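Report on one structure; see the data block that follows.
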Amino acid sequence: MTIAITGATGQLGRLVVQQLKQQAPAADIVALVRNPDNAQDLGVTVRAADYTQPPTLDAALAGVDTLLLISSNEIGQRTAQHTNVIEAARKAGVVRIVYTSLLHADTSPLNLAGEHVATEAALKASGLAYTILRNGWYTENYTGSLGGAVAAGALIGSAGDGRIASATREDFAQAAVAVLTGTGHEGRTYELAGDVAWTLPELAAEVSRQTGRDIPYRNLPQADYAAALKGVGLPDDFAQAIAAWDVDASHGALFHEGRELSQLIGRPTTPLATAVAAALKQ
Ligand SMILES: NC(=O)c1ccc[n+]([C@@H]2O[C@H](COP(=O)([O-])OP(=O)(O)OC[C@H]3O[C@@H](n4cnc5c(N)ncnc54)[C@H](OP(=O)(O)O)[C@@H]3O)[C@@H](O)[C@H]2O)c1
């Protein structure tokens with residue numbers, strides 16, 4: 001069975017390829033990438049595939065049985081891009097598409113949800129077998145900037161006491177591999193999130209514990225947080241988006257208490273303390 005992965009040179013895609021190689025022969029794995037020069041270290045077959053160039057998708061999907069469509073990072077362009085992939089997969093005779101969507105996509109207040117809902121609808125309308133992985137927030141979205149918080153002496157955000165059921169990219173990658181290689185996942189939609197939800201004050205307390213320094217959490221109004229993010233070099237629209245997502249998180253948008261992710265991967269999701277320790281080591 002040939003399994004192909006889009007976005008295979010992205011952060012999640014690389015982890016999926018690495019883990020998949022432990023479950024399936026490398027000869028059965030195809031990495032679909034925008035730039036093959038960036039994929040030579042993956043150790044599997046590499047094919048060029050650009051979501052915006054349908055002819056590349058037609059060629060790249062030939063002979064593929066199961067496709068992992070990792071959602072694009074080009075926000076605003078994604079419905080059209082994902083629809084191109086689904087249509088090419090249908091023409092190429094792909095049997096099943098596994099798609100990385102967003103936690104609670106159909107009810108989520110996050111402004112990201114619309115493109116995922118539209119992609120899920122296109123997938124269902126395609127007539128292909130599908131599995132939808134509604135991934136929650138990556139823990140790395142927060143632990144990735146801990147160095148800056150430690151240097152500044154405080155963690156800032158706008159999520160208040162909102163509980164965030166995040167999991168690491170490694171956890172989500174393992175779930176994707178389980179669903180790609182396992183049986184019985186056709187037509188299923190999984191809400192995937194970490195086992196133990198946490199708040200930003202709890203994250204700050206964990207950072208303080210591990211560094212031995214007092215790193216408090218300061219909750220900021222949305223506009224102030226966006227301005228602070230812009231002040232450390234983020235583009236204005238990305239800073240605004242992150243601050244808005246944090247406010248959504250304060251209302252519970254990133255919370256989930258099902259344990260589908262740990263059930264799929266057969267182990268507990270990575271604890272926050274472990275992710276913090278890994279981030280502080282970098
Ligand atoms: N759950 C979360 O917290 C969270 C956070 C951020 C993003 N996401 C979503 O999850 C996806 C995977 O996360 P990630 O961390 O792996 O993101 P990432 O590192 O930014 O990877 C995104 C991948 O999409 C590929 N891509 C973008 N436009 C493309 C196009 N036109 N044609 C083909 N490939 C294209 C990129 O290709 P290149 O390698 O060539 O750049 C890259 O491999 C993201 O794209 C985004 O939709 C989720």
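A note on labels: chains of the structure tokens are A, B, ... as shown, every chain counts residues from 1, and ligands are counted from 1 in their shown order.
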
(message) Can you pull out every residue from region 28-150 of chain A that DSSP, working from the backbone, puts in strand (DSSP E), and format the result as a PyMOL selection string?
(response) chain A and resi 29-33+45-48+66-69+96-102+129-135

With C-alpha atoms retained, could you export that selection as a PDB file, in the first residue's frame?
```
ATOM      1  CA  ILE A  29       6.037   6.076   1.461  1.00  0.00           C
ATOM      2  CA  VAL A  30       5.861   9.102  -0.823  1.00  0.00           C
ATOM      3  CA  ALA A  31       6.709  12.597   0.415  1.00  0.00           C
ATOM      4  CA  LEU A  32       4.812  15.288  -1.495  1.00  0.00           C
ATOM      5  CA  VAL A  33       6.667  18.569  -1.265  1.00  0.00           C
ATOM      6  CA  THR A  45      10.382   8.693  -2.431  1.00  0.00           C
ATOM      7  CA  VAL A  46       9.986  12.431  -3.041  1.00  0.00           C
ATOM      8  CA  ARG A  47       7.602  13.989  -5.573  1.00  0.00           C
ATOM      9  CA  ALA A  48       6.974  17.652  -6.329  1.00  0.00           C
ATOM     10  CA  THR A  66      -3.806   6.555   1.112  1.00  0.00           C
ATOM     11  CA  LEU A  67      -3.073  10.283   1.296  1.00  0.00           C
ATOM     12  CA  LEU A  68      -2.383  12.410   4.357  1.00  0.00           C
ATOM     13  CA  LEU A  69      -3.416  15.949   3.426  1.00  0.00           C
ATOM     14  CA  ARG A  96      -8.677   7.336   1.304  1.00  0.00           C
ATOM     15  CA  ILE A  97      -7.680  10.845   2.382  1.00  0.00           C
ATOM     16  CA  VAL A  98      -6.726  11.618   5.966  1.00  0.00           C
ATOM     17  CA  TYR A  99      -7.033  15.369   6.603  1.00  0.00           C
ATOM     18  CA  THR A 100      -5.621  17.466   9.467  1.00  0.00           C
ATOM     19  CA  SER A 101      -8.460  19.785  10.480  1.00  0.00           C
ATOM     20  CA  LEU A 102      -9.045  21.953  13.565  1.00  0.00           C
ATOM     21  CA  ALA A 129     -13.113   7.382   1.887  1.00  0.00           C
ATOM     22  CA  TYR A 130     -11.840   9.851   4.471  1.00  0.00           C
ATOM     23  CA  THR A 131     -10.679  10.276   8.053  1.00  0.00           C
ATOM     24  CA  ILE A 132     -10.668  13.716   9.670  1.00  0.00           C
ATOM     25  CA  LEU A 133      -8.140  14.515  12.391  1.00  0.00           C
ATOM     26  CA  ARG A 134      -9.378  17.650  14.143  1.00  0.00           C
ATOM     27  CA  ASN A 135      -6.099  18.633  15.746  1.00  0.00           C
TER      28      ASN A 135
END
```

(request) Dump the neighbourhood of ligand 1 as a PyMOL selection string: all residues within 7 Å, distances computed on only C-alpha atoms and all ligand atoms. (result) chain A and resi 6-13+33-35+49-52+70-74+81+100+102+135-138+141

Could the residues in this selection be saved with N, CA, C and O atoms as a short mmCIF file (atom, residue, chain, number, x, y, z; two decimals), in the first residue's frame?
```cif
data_model
loop_
_atom_site.label_atom_id
_atom_site.label_comp_id
_atom_site.auth_asym_id
_atom_site.auth_seq_id
_atom_site.Cartn_x
_atom_site.Cartn_y
_atom_site.Cartn_z
N THR A 6 1.38 15.05 2.21
CA THR A 6 1.65 16.41 1.74
C THR A 6 2.35 17.19 2.87
O THR A 6 2.35 16.75 4.02
N GLY A 7 2.91 18.33 2.53
CA GLY A 7 3.58 19.15 3.55
C GLY A 7 4.68 18.39 4.26
O GLY A 7 4.98 18.64 5.43
N ALA A 8 5.32 17.45 3.54
CA ALA A 8 6.26 16.54 4.20
C ALA A 8 7.56 17.22 4.62
O ALA A 8 8.33 16.64 5.38
N THR A 9 7.80 18.44 4.13
CA THR A 9 8.98 19.18 4.61
C THR A 9 8.58 20.18 5.71
O THR A 9 9.42 20.96 6.17
N GLY A 10 7.31 20.15 6.12
CA GLY A 10 6.88 21.00 7.24
C GLY A 10 7.20 20.31 8.56
O GLY A 10 7.68 19.17 8.60
N GLN A 11 6.92 21.03 9.64
CA GLN A 11 7.29 20.50 10.97
C GLN A 11 6.51 19.23 11.32
O GLN A 11 7.07 18.25 11.81
N LEU A 12 5.19 19.23 11.08
CA LEU A 12 4.39 18.04 11.36
C LEU A 12 4.69 16.94 10.35
O LEU A 12 4.86 15.77 10.71
N GLY A 13 4.79 17.32 9.08
CA GLY A 13 5.02 16.34 8.02
C GLY A 13 6.32 15.55 8.22
O GLY A 13 6.36 14.34 8.02
N VAL A 33 6.05 17.33 -1.77
CA VAL A 33 6.67 18.57 -1.27
C VAL A 33 6.68 19.65 -2.35
O VAL A 33 6.71 19.35 -3.54
N ARG A 34 6.69 20.89 -1.88
CA ARG A 34 6.80 22.00 -2.84
C ARG A 34 8.18 22.05 -3.45
O ARG A 34 8.34 22.31 -4.63
N ASN A 35 9.19 21.82 -2.61
CA ASN A 35 10.57 21.96 -3.08
C ASN A 35 11.36 20.70 -2.77
O ASN A 35 11.82 20.50 -1.63
N ALA A 49 4.88 18.54 -5.47
CA ALA A 49 3.43 18.74 -5.45
C ALA A 49 3.13 20.10 -4.83
O ALA A 49 3.42 20.31 -3.65
N ASP A 50 2.60 20.98 -5.65
CA ASP A 50 2.25 22.32 -5.14
C ASP A 50 0.73 22.44 -5.15
O ASP A 50 0.09 22.23 -6.19
N TYR A 51 0.15 22.79 -4.01
CA TYR A 51 -1.31 22.89 -3.91
C TYR A 51 -1.90 23.85 -4.93
O TYR A 51 -3.08 23.74 -5.28
N THR A 52 -1.10 24.80 -5.38
CA THR A 52 -1.63 25.81 -6.31
C THR A 52 -1.41 25.41 -7.78
O THR A 52 -1.80 26.16 -8.67
N ILE A 70 -1.99 17.30 4.83
CA ILE A 70 -1.69 18.20 5.95
C ILE A 70 -2.11 19.60 5.51
O ILE A 70 -1.67 20.08 4.45
N SER A 71 -2.96 20.22 6.30
CA SER A 71 -3.51 21.52 5.89
C SER A 71 -2.38 22.51 5.62
O SER A 71 -1.35 22.50 6.28
N SER A 72 -2.61 23.33 4.62
CA SER A 72 -1.62 24.34 4.21
C SER A 72 -1.47 25.41 5.28
O SER A 72 -2.37 25.63 6.10
N ASN A 73 -0.33 26.09 5.26
CA ASN A 73 -0.14 27.22 6.20
C ASN A 73 -0.44 28.56 5.54
O ASN A 73 -0.20 29.60 6.14
N GLU A 74 -0.99 28.53 4.32
CA GLU A 74 -1.28 29.78 3.62
C GLU A 74 -2.74 30.17 3.89
O GLU A 74 -3.64 29.93 3.07
N GLN A 81 -6.75 25.58 -2.22
CA GLN A 81 -5.59 24.68 -2.31
C GLN A 81 -5.99 23.24 -1.95
O GLN A 81 -5.63 22.29 -2.66
N THR A 100 -5.84 16.82 8.17
CA THR A 100 -5.62 17.47 9.47
C THR A 100 -6.46 18.73 9.55
O THR A 100 -6.14 19.75 8.94
N LEU A 102 -9.17 21.15 12.34
CA LEU A 102 -9.04 21.95 13.57
C LEU A 102 -10.02 21.42 14.62
O LEU A 102 -11.17 21.10 14.29
N ASN A 135 -7.20 18.42 14.81
CA ASN A 135 -6.10 18.63 15.75
C ASN A 135 -6.30 19.89 16.59
O ASN A 135 -6.59 20.96 16.05
N GLY A 136 -6.08 19.74 17.88
CA GLY A 136 -6.05 20.89 18.78
C GLY A 136 -4.74 21.65 18.62
O GLY A 136 -3.92 21.36 17.75
N TRP A 137 -4.54 22.61 19.50
CA TRP A 137 -3.34 23.47 19.42
C TRP A 137 -2.08 22.67 19.72
O TRP A 137 -2.09 21.79 20.57
N TYR A 138 -1.00 22.99 19.02
CA TYR A 138 0.30 22.40 19.36
C TYR A 138 0.81 23.03 20.66
O TYR A 138 0.78 24.27 20.79
N ASN A 141 3.15 25.88 20.20
CA ASN A 141 2.73 27.26 19.93
C ASN A 141 3.08 28.15 21.12
O ASN A 141 3.29 29.35 20.97
#
```

Quick one: residues within 12 Å of Thr211 (chain A), only C-alpha atoms counted, chain neighbours fewer than 6 positions away excluded, as an mmCIF file with all heavy atoms, in the first residue's frame?
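Everything below was put into selection11.cif:
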```
data_model
loop_
_atom_site.group_PDB
_atom_site.id
_atom_site.type_symbol
_atom_site.label_atom_id
_atom_site.label_comp_id
_atom_site.auth_asym_id
_atom_site.auth_seq_id
_atom_site.Cartn_x
_atom_site.Cartn_y
_atom_site.Cartn_z
ATOM 1 N N LEU A 146 9.185 30.361 24.942
ATOM 2 C CA LEU A 146 9.499 30.467 26.375
ATOM 3 C C LEU A 146 10.822 31.165 26.632
ATOM 4 O O LEU A 146 10.994 31.826 27.660
ATOM 5 C CB LEU A 146 9.510 29.073 27.018
ATOM 6 C CG LEU A 146 8.132 28.438 27.215
ATOM 7 C CD1 LEU A 146 8.267 27.114 27.956
ATOM 8 C CD2 LEU A 146 7.189 29.382 27.962
ATOM 9 N N GLY A 147 11.767 31.002 25.687
ATOM 10 C CA GLY A 147 13.063 31.677 25.849
ATOM 11 C C GLY A 147 12.854 33.178 26.010
ATOM 12 O O GLY A 147 13.461 33.819 26.884
ATOM 13 N N ALA A 149 10.129 34.677 27.071
ATOM 14 C CA ALA A 149 9.450 34.956 28.345
ATOM 15 C C ALA A 149 10.460 34.940 29.492
ATOM 16 O O ALA A 149 10.422 35.816 30.370
ATOM 17 C CB ALA A 149 8.350 33.918 28.583
ATOM 18 N N VAL A 150 11.366 33.976 29.466
ATOM 19 C CA VAL A 150 12.364 33.891 30.539
ATOM 20 C C VAL A 150 13.270 35.127 30.483
ATOM 21 O O VAL A 150 13.557 35.750 31.513
ATOM 22 C CB VAL A 150 13.174 32.579 30.420
ATOM 23 C CG1 VAL A 150 14.342 32.567 31.408
ATOM 24 C CG2 VAL A 150 12.266 31.369 30.666
ATOM 25 N N ALA A 151 13.670 35.507 29.263
ATOM 26 C CA ALA A 151 14.544 36.678 29.124
ATOM 27 C C ALA A 151 13.836 37.949 29.601
ATOM 28 O O ALA A 151 14.448 38.816 30.238
ATOM 29 C CB ALA A 151 14.986 36.828 27.670
ATOM 30 N N GLY A 153 11.375 38.039 31.770
ATOM 31 C CA GLY A 153 10.985 37.931 33.186
ATOM 32 C C GLY A 153 9.496 37.785 33.403
ATOM 33 O O GLY A 153 9.024 37.843 34.541
ATOM 34 N N ALA A 204 3.212 29.448 33.283
ATOM 35 C CA ALA A 204 4.208 30.331 33.904
ATOM 36 C C ALA A 204 4.741 29.706 35.191
ATOM 37 O O ALA A 204 5.952 29.787 35.477
ATOM 38 C CB ALA A 204 3.581 31.696 34.185
ATOM 39 N N ALA A 205 3.857 29.079 35.976
ATOM 40 C CA ALA A 205 4.297 28.441 37.233
ATOM 41 C C ALA A 205 5.255 27.290 36.931
ATOM 42 O O ALA A 205 6.248 27.092 37.648
ATOM 43 C CB ALA A 205 3.071 27.936 38.006
ATOM 44 N N ALA A 273 4.853 19.589 31.408
ATOM 45 C CA ALA A 273 6.177 19.717 32.044
ATOM 46 C C ALA A 273 7.282 19.157 31.139
ATOM 47 O O ALA A 273 8.378 19.723 31.059
ATOM 48 C CB ALA A 273 6.184 19.004 33.390
ATOM 49 N N VAL A 276 7.835 21.644 28.315
ATOM 50 C CA VAL A 276 8.539 22.832 28.825
ATOM 51 C C VAL A 276 10.025 22.508 28.991
ATOM 52 O O VAL A 276 10.896 23.292 28.579
ATOM 53 C CB VAL A 276 7.920 23.300 30.162
ATOM 54 C CG1 VAL A 276 8.819 24.314 30.866
ATOM 55 C CG2 VAL A 276 6.534 23.896 29.921
ATOM 56 N N ALA A 277 10.322 21.343 29.551
ATOM 57 C CA ALA A 277 11.727 20.965 29.759
ATOM 58 C C ALA A 277 12.457 20.891 28.419
ATOM 59 O O ALA A 277 13.592 21.382 28.286
ATOM 60 C CB ALA A 277 11.799 19.625 30.485
ATOM 61 N N ALA A 279 11.712 22.496 25.688
ATOM 62 C CA ALA A 279 11.850 23.845 25.120
ATOM 63 C C ALA A 279 12.950 24.625 25.836
ATOM 64 O O ALA A 279 13.704 25.368 25.190
ATOM 65 C CB ALA A 279 10.522 24.588 25.224
ATOM 66 N N LEU A 280 13.060 24.474 27.146
ATOM 67 C CA LEU A 280 14.057 25.247 27.901
ATOM 68 C C LEU A 280 15.472 24.760 27.616
ATOM 69 O O LEU A 280 16.434 25.493 27.803
ATOM 70 C CB LEU A 280 13.763 25.173 29.408
ATOM 71 C CG LEU A 280 12.501 25.908 29.866
ATOM 72 C CD1 LEU A 280 12.250 25.688 31.355
ATOM 73 C CD2 LEU A 280 12.591 27.412 29.565
ATOM 74 N N LYS A 281 15.596 23.509 27.156
ATOM 75 C CA LYS A 281 16.921 22.952 26.832
ATOM 76 C C LYS A 281 17.474 23.548 25.535
ATOM 77 O O LYS A 281 18.664 23.545 25.304
ATOM 78 C CB LYS A 281 16.790 21.431 26.650
ATOM 79 C CG LYS A 281 17.459 20.641 27.768
ATOM 80 C CD LYS A 281 17.554 19.189 27.392
ATOM 81 C CE LYS A 281 16.777 18.341 28.381
ATOM 82 N NZ LYS A 281 16.234 17.120 27.832
#
```

(request) Would you mind telling me which residue in A:Val247, A:Ala159, A:Ala278, A:Ala105 lies nearest to Tyr217 (chain A) when using only C-alpha atoms? (result) A:Ala159

(message) Neighbouring residues of region 220-234 of chain A were defined as those with any atom within 12 Å, considering only C-alpha atoms; residues of the same chain fewer than 5 positions away were excluded. Please report them as a list in words.
(response) Ser145, Gly148, Ala149, Ala152, Ala154, Leu155, Ile156, Gly157, Ser158, Ala159, Gly160, Leu200, Ala239, Gln240, Ala241, Ile242, Ala243, Ala244, Trp245, Asp246, Val247, Asp248, Ala249 and Ser250 of chain A

Could you dump the residues just selected with C-alpha atoms as an mmCIF file, in the first residue's frame?
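Below you can see out_2.cif, which holds the result:
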```cif
data_model
loop_
_atom_site.group_PDB
_atom_site.id
_atom_site.type_symbol
_atom_site.label_atom_id
_atom_site.label_comp_id
_atom_site.auth_asym_id
_atom_site.auth_seq_id
_atom_site.Cartn_x
_atom_site.Cartn_y
_atom_site.Cartn_z
ATOM 1 C CA SER A 145 8.556 31.329 22.787
ATOM 2 C CA GLY A 148 11.682 35.176 25.268
ATOM 3 C CA ALA A 149 9.450 34.956 28.345
ATOM 4 C CA ALA A 152 11.772 39.241 29.692
ATOM 5 C CA ALA A 154 7.283 37.350 32.462
ATOM 6 C CA LEU A 155 4.967 35.321 30.256
ATOM 7 C CA ILE A 156 2.351 37.433 28.497
ATOM 8 C CA GLY A 157 -0.842 36.508 26.678
ATOM 9 C CA SER A 158 -4.582 37.163 26.478
ATOM 10 C CA ALA A 159 -5.915 33.702 27.294
ATOM 11 C CA GLY A 160 -6.634 34.456 30.971
ATOM 12 C CA LEU A 200 -1.204 30.231 30.924
ATOM 13 C CA ALA A 239 0.338 39.417 15.807
ATOM 14 C CA GLN A 240 -3.347 40.418 15.606
ATOM 15 C CA ALA A 241 -4.325 36.836 14.783
ATOM 16 C CA ILE A 242 -2.387 35.310 17.690
ATOM 17 C CA ALA A 243 -3.909 37.787 20.150
ATOM 18 C CA ALA A 244 -7.410 37.040 18.824
ATOM 19 C CA TRP A 245 -6.848 33.261 19.125
ATOM 20 C CA ASP A 246 -5.698 33.783 22.724
ATOM 21 C CA VAL A 247 -8.912 35.654 23.516
ATOM 22 C CA ASP A 248 -10.866 32.777 21.947
ATOM 23 C CA ALA A 249 -8.838 30.413 24.165
ATOM 24 C CA SER A 250 -9.886 32.452 27.207
#
```

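For the residues A:Val17, A:Ala24, A:Ile5, A:Ala197, ranking by smallest atom-to-atom distance to Val85 (chain A) using only C-alpha atoms places A:Ile5 first.
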
(request) Could you give me the residues within region 65-255 of chain A that DSSP places in helix (DSSP H, G or I), as a ChimeraX atom specification? (result) /A:78-92,113-125,140-143,146-152,169-181,200-211,222-231,236-250

(message) Set the distance at 10 Å and use only C-alpha atoms: which residues neighbour Trp198 (chain A) once local chain neighbours fewer than 2 positions away are removed? I'd like the list as a PyMOL selection string.
(response) chain A and resi 161-166+194-196+200-203+255+271-272

Considering only C-alpha atoms, return as a short mmCIF file (atom, residue, chain, number, x, y, z; two decimals) with N, CA, C and O atoms, in the first residue's frame whatever protein or nucleic-acid residues lie within 10 Å of region 88-93 of chain A, sequence-local ones (same chain, fewer than 2 positions apart) excluded.
```cif
data_model
loop_
_atom_site.label_atom_id
_atom_site.label_comp_id
_atom_site.auth_asym_id
_atom_site.auth_seq_id
_atom_site.Cartn_x
_atom_site.Cartn_y
_atom_site.Cartn_z
N TYR A 51 0.15 22.79 -4.01
CA TYR A 51 -1.31 22.89 -3.91
C TYR A 51 -1.90 23.85 -4.93
O TYR A 51 -3.08 23.74 -5.28
N PRO A 54 -2.32 22.36 -10.01
CA PRO A 54 -2.99 21.06 -10.15
C PRO A 54 -2.23 20.03 -11.01
O PRO A 54 -2.23 18.84 -10.65
N PRO A 55 -1.55 20.43 -12.11
CA PRO A 55 -0.85 19.38 -12.87
C PRO A 55 0.22 18.65 -12.03
O PRO A 55 0.45 17.45 -12.20
N THR A 56 0.87 19.38 -11.11
CA THR A 56 1.87 18.71 -10.26
C THR A 56 1.18 17.70 -9.35
O THR A 56 1.74 16.64 -9.04
N LEU A 57 -0.03 18.02 -8.93
CA LEU A 57 -0.76 17.13 -8.02
C LEU A 57 -1.19 15.86 -8.75
O LEU A 57 -1.10 14.75 -8.22
N ASP A 58 -1.65 16.01 -10.00
CA ASP A 58 -2.07 14.85 -10.80
C ASP A 58 -0.91 13.86 -10.91
O ASP A 58 -1.07 12.65 -10.69
N ALA A 59 0.27 14.37 -11.23
CA ALA A 59 1.43 13.48 -11.41
C ALA A 59 1.86 12.89 -10.07
O ALA A 59 2.19 11.70 -9.98
N ALA A 60 1.84 13.70 -9.03
CA ALA A 60 2.37 13.26 -7.73
C ALA A 60 1.51 12.18 -7.09
O ALA A 60 2.00 11.36 -6.32
N LEU A 61 0.21 12.17 -7.43
CA LEU A 61 -0.70 11.25 -6.73
C LEU A 61 -0.89 9.92 -7.46
O LEU A 61 -1.61 9.04 -6.96
N ALA A 62 -0.23 9.75 -8.60
CA ALA A 62 -0.38 8.49 -9.36
C ALA A 62 0.05 7.31 -8.48
O ALA A 62 1.13 7.33 -7.88
N GLY A 63 -0.80 6.31 -8.40
CA GLY A 63 -0.45 5.08 -7.68
C GLY A 63 -0.55 5.18 -6.16
O GLY A 63 -0.24 4.22 -5.45
N VAL A 64 -1.02 6.32 -5.64
CA VAL A 64 -1.13 6.49 -4.18
C VAL A 64 -2.45 5.87 -3.71
O VAL A 64 -3.51 6.12 -4.29
N ASP A 65 -2.39 5.08 -2.64
CA ASP A 65 -3.61 4.49 -2.07
C ASP A 65 -4.20 5.37 -0.97
O ASP A 65 -5.39 5.62 -0.94
N THR A 66 -3.35 5.77 -0.05
CA THR A 66 -3.81 6.55 1.11
C THR A 66 -3.01 7.85 1.15
O THR A 66 -1.78 7.83 1.04
N LEU A 67 -3.72 8.97 1.32
CA LEU A 67 -3.07 10.28 1.30
C LEU A 67 -3.31 11.00 2.61
O LEU A 67 -4.45 11.11 3.06
N HIS A 82 -6.73 23.09 -0.85
CA HIS A 82 -7.10 21.74 -0.42
C HIS A 82 -8.06 21.09 -1.42
O HIS A 82 -7.99 19.89 -1.68
N THR A 83 -8.95 21.92 -1.98
CA THR A 83 -9.89 21.39 -2.98
C THR A 83 -9.13 20.88 -4.21
O THR A 83 -9.50 19.85 -4.80
N ASN A 84 -8.07 21.58 -4.59
CA ASN A 84 -7.24 21.11 -5.71
C ASN A 84 -6.68 19.72 -5.40
O ASN A 84 -6.65 18.84 -6.26
N VAL A 85 -6.22 19.52 -4.16
CA VAL A 85 -5.62 18.22 -3.79
C VAL A 85 -6.69 17.13 -3.81
O VAL A 85 -6.47 16.03 -4.34
N ILE A 86 -7.86 17.43 -3.25
CA ILE A 86 -8.92 16.42 -3.18
C ILE A 86 -9.37 16.03 -4.58
O ILE A 86 -9.56 14.84 -4.89
N VAL A 95 -7.60 6.01 -2.61
CA VAL A 95 -8.71 5.33 -1.94
C VAL A 95 -9.20 6.11 -0.73
O VAL A 95 -10.40 6.27 -0.51
N ARG A 96 -8.26 6.63 0.07
CA ARG A 96 -8.68 7.34 1.30
C ARG A 96 -7.79 8.55 1.53
O ARG A 96 -6.57 8.49 1.32
N ILE A 97 -8.42 9.64 1.97
CA ILE A 97 -7.68 10.85 2.38
C ILE A 97 -7.85 11.03 3.89
O ILE A 97 -8.96 10.96 4.42
N LEU A 123 -14.22 17.17 1.11
CA LEU A 123 -13.78 15.78 1.27
C LEU A 123 -14.98 14.84 1.26
O LEU A 123 -14.99 13.81 0.55
N SER A 126 -16.50 14.43 -2.12
CA SER A 126 -15.66 13.81 -3.16
C SER A 126 -16.03 12.35 -3.42
O SER A 126 -15.70 11.80 -4.47
N GLY A 127 -16.69 11.73 -2.44
CA GLY A 127 -17.01 10.31 -2.60
C GLY A 127 -15.88 9.39 -2.18
O GLY A 127 -16.04 8.17 -2.14
N LEU A 128 -14.71 9.96 -1.87
CA LEU A 128 -13.58 9.14 -1.42
C LEU A 128 -13.79 8.76 0.05
O LEU A 128 -14.47 9.46 0.79
#
```
